[in-house]
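Read through the structure below, which is laid out as structure tokens, and then see the notes.
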Amino acid sequence: MGWAQAQPSSFQSFDVPAGSGPHDVAPSPDGTVWYTAQARGAVGRLDPRSGKADWVPLGTGSAPHGVIVGADHAAWITDGGLNAIVRIDAKTLAVTRFPLPKDRPDANLNTAVFDKHGHLWFTGQNGIYGELDPASGRMRVFDAPRGRGPYGICVTPDGSLYYASLAGSYLGHIDPKSGSTQVIEPPTANQGARRVWSDSKGHVWVSEWTAGKVGMFDPAKHQWREWSLPGNGPHAYAIFVDDHDVVWLSEWTANALVRFDPRTEHFDVMTFPLPNSNVRQMMGRKGEVWMSASGTDHVLLHQTQANDAGSK
């Protein structure tokens, strides 16, 4: 295993309105990119080809955290301030709210993912996770083991659901029928599992914030592996696995994008264009990694084709 400090790389940087604090980002198949303007209670949509931008206020008290794009090309938002799942229609920009039950106030909604049946599963840091059926509006909310902590969530190619508990420091495997969670203990205690992403083989990759590691859980073998990120006192926040099964992380201490190739166990470190970028989420589409730089009010793009040319 080794690592290299890459030469200044080709990040493209897109300004978003000042004071937006873009938290999460989600590229759409139509070429646009959605982001949550958490600090301004709104959602933005950028067209990087034309420079056109849309701005959708979500209402008084809104504090959107996560955003993903559904099969309907709509943006689906976890809004902690509204305590609701919010849908933004891609054509009309109409806003639809799906509030949590009244007996589930202040869930501190975090991240969402769609399962194989088109149901949206979501997490709340104050100790919940849940399921929304968009067709019927029916919602189920469950108490998380160990209370506070549910953060990132992902679905594997076989449809299995996993979430990371930041405060609980575990990986949770959800049974979608009963809603119960199996707690999977990582090798490192108190590692601060923050976000999760599946590769094409169903391995679950975990950004270990407190431990400064990237972890991988293999459900078939029920085995873990972990790798320490380069540098002094690293903190791994966002994680994304691309279409070549290369793992990308945002590392806060070095203010850098980190590329990890599991085949060679090699790290490349690419410093962000501006200091204190504070990239909290990454998503991508073929050849692209998109990032939300909450500290500088930018959305960032990194082209991956050159980096992955040797691993196709």
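Ligands are numbered from 1 in the order shown, chains are lettered A, B, ... in the order of the structure tokens, and residues start at 1 in each chain.
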Considering only C-alpha atoms, return as an MDAnalysis selection string whatever protein or nucleic-acid residues lie within 8 Å of A:Gly124, sequence-local ones (same chain, fewer than 5 positions apart) excluded. chainID A and resid 107:111 129 149:151
Just list as a ChimeraX atom specification whatever in stretch 67-312 of chain A DSSP marks as alpha helix (DSSP H). /A:305-308
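Between atom CA of A:Ser165 and atom CA of A:Asp143 lies a distance of 12.5 Å.
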Mind pulling up the distance from atom CA of A:Val56 to atom CA of A:Leu93? 7.2 Å
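You can rank A:Ser207, A:Ser13, A:Ser277, A:Ser169 by their closest distance to A:Gly192 using only C-alpha atoms, and at the top of that list sits A:Ser169.
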Just to confirm, what's the straight-line distance from atom CA of A:Thr32 to atom CA of A:Gln12 in Å (one decimal)? 14.7 Å
Which residue gives the smallest distance to A:Pro186 among A:Ser200, A:Gln38, A:Gln223, A:Thr156, with only C-alpha atoms counted? A:Gln223
Excluding A:Leu274 and any residue of its chain fewer than 5 positions from it, enumerate the residues within 10 Å of it, using only C-alpha atoms, and give them as a PyMOL selection string. chain A and resi 13+255-256+293+295-296+298
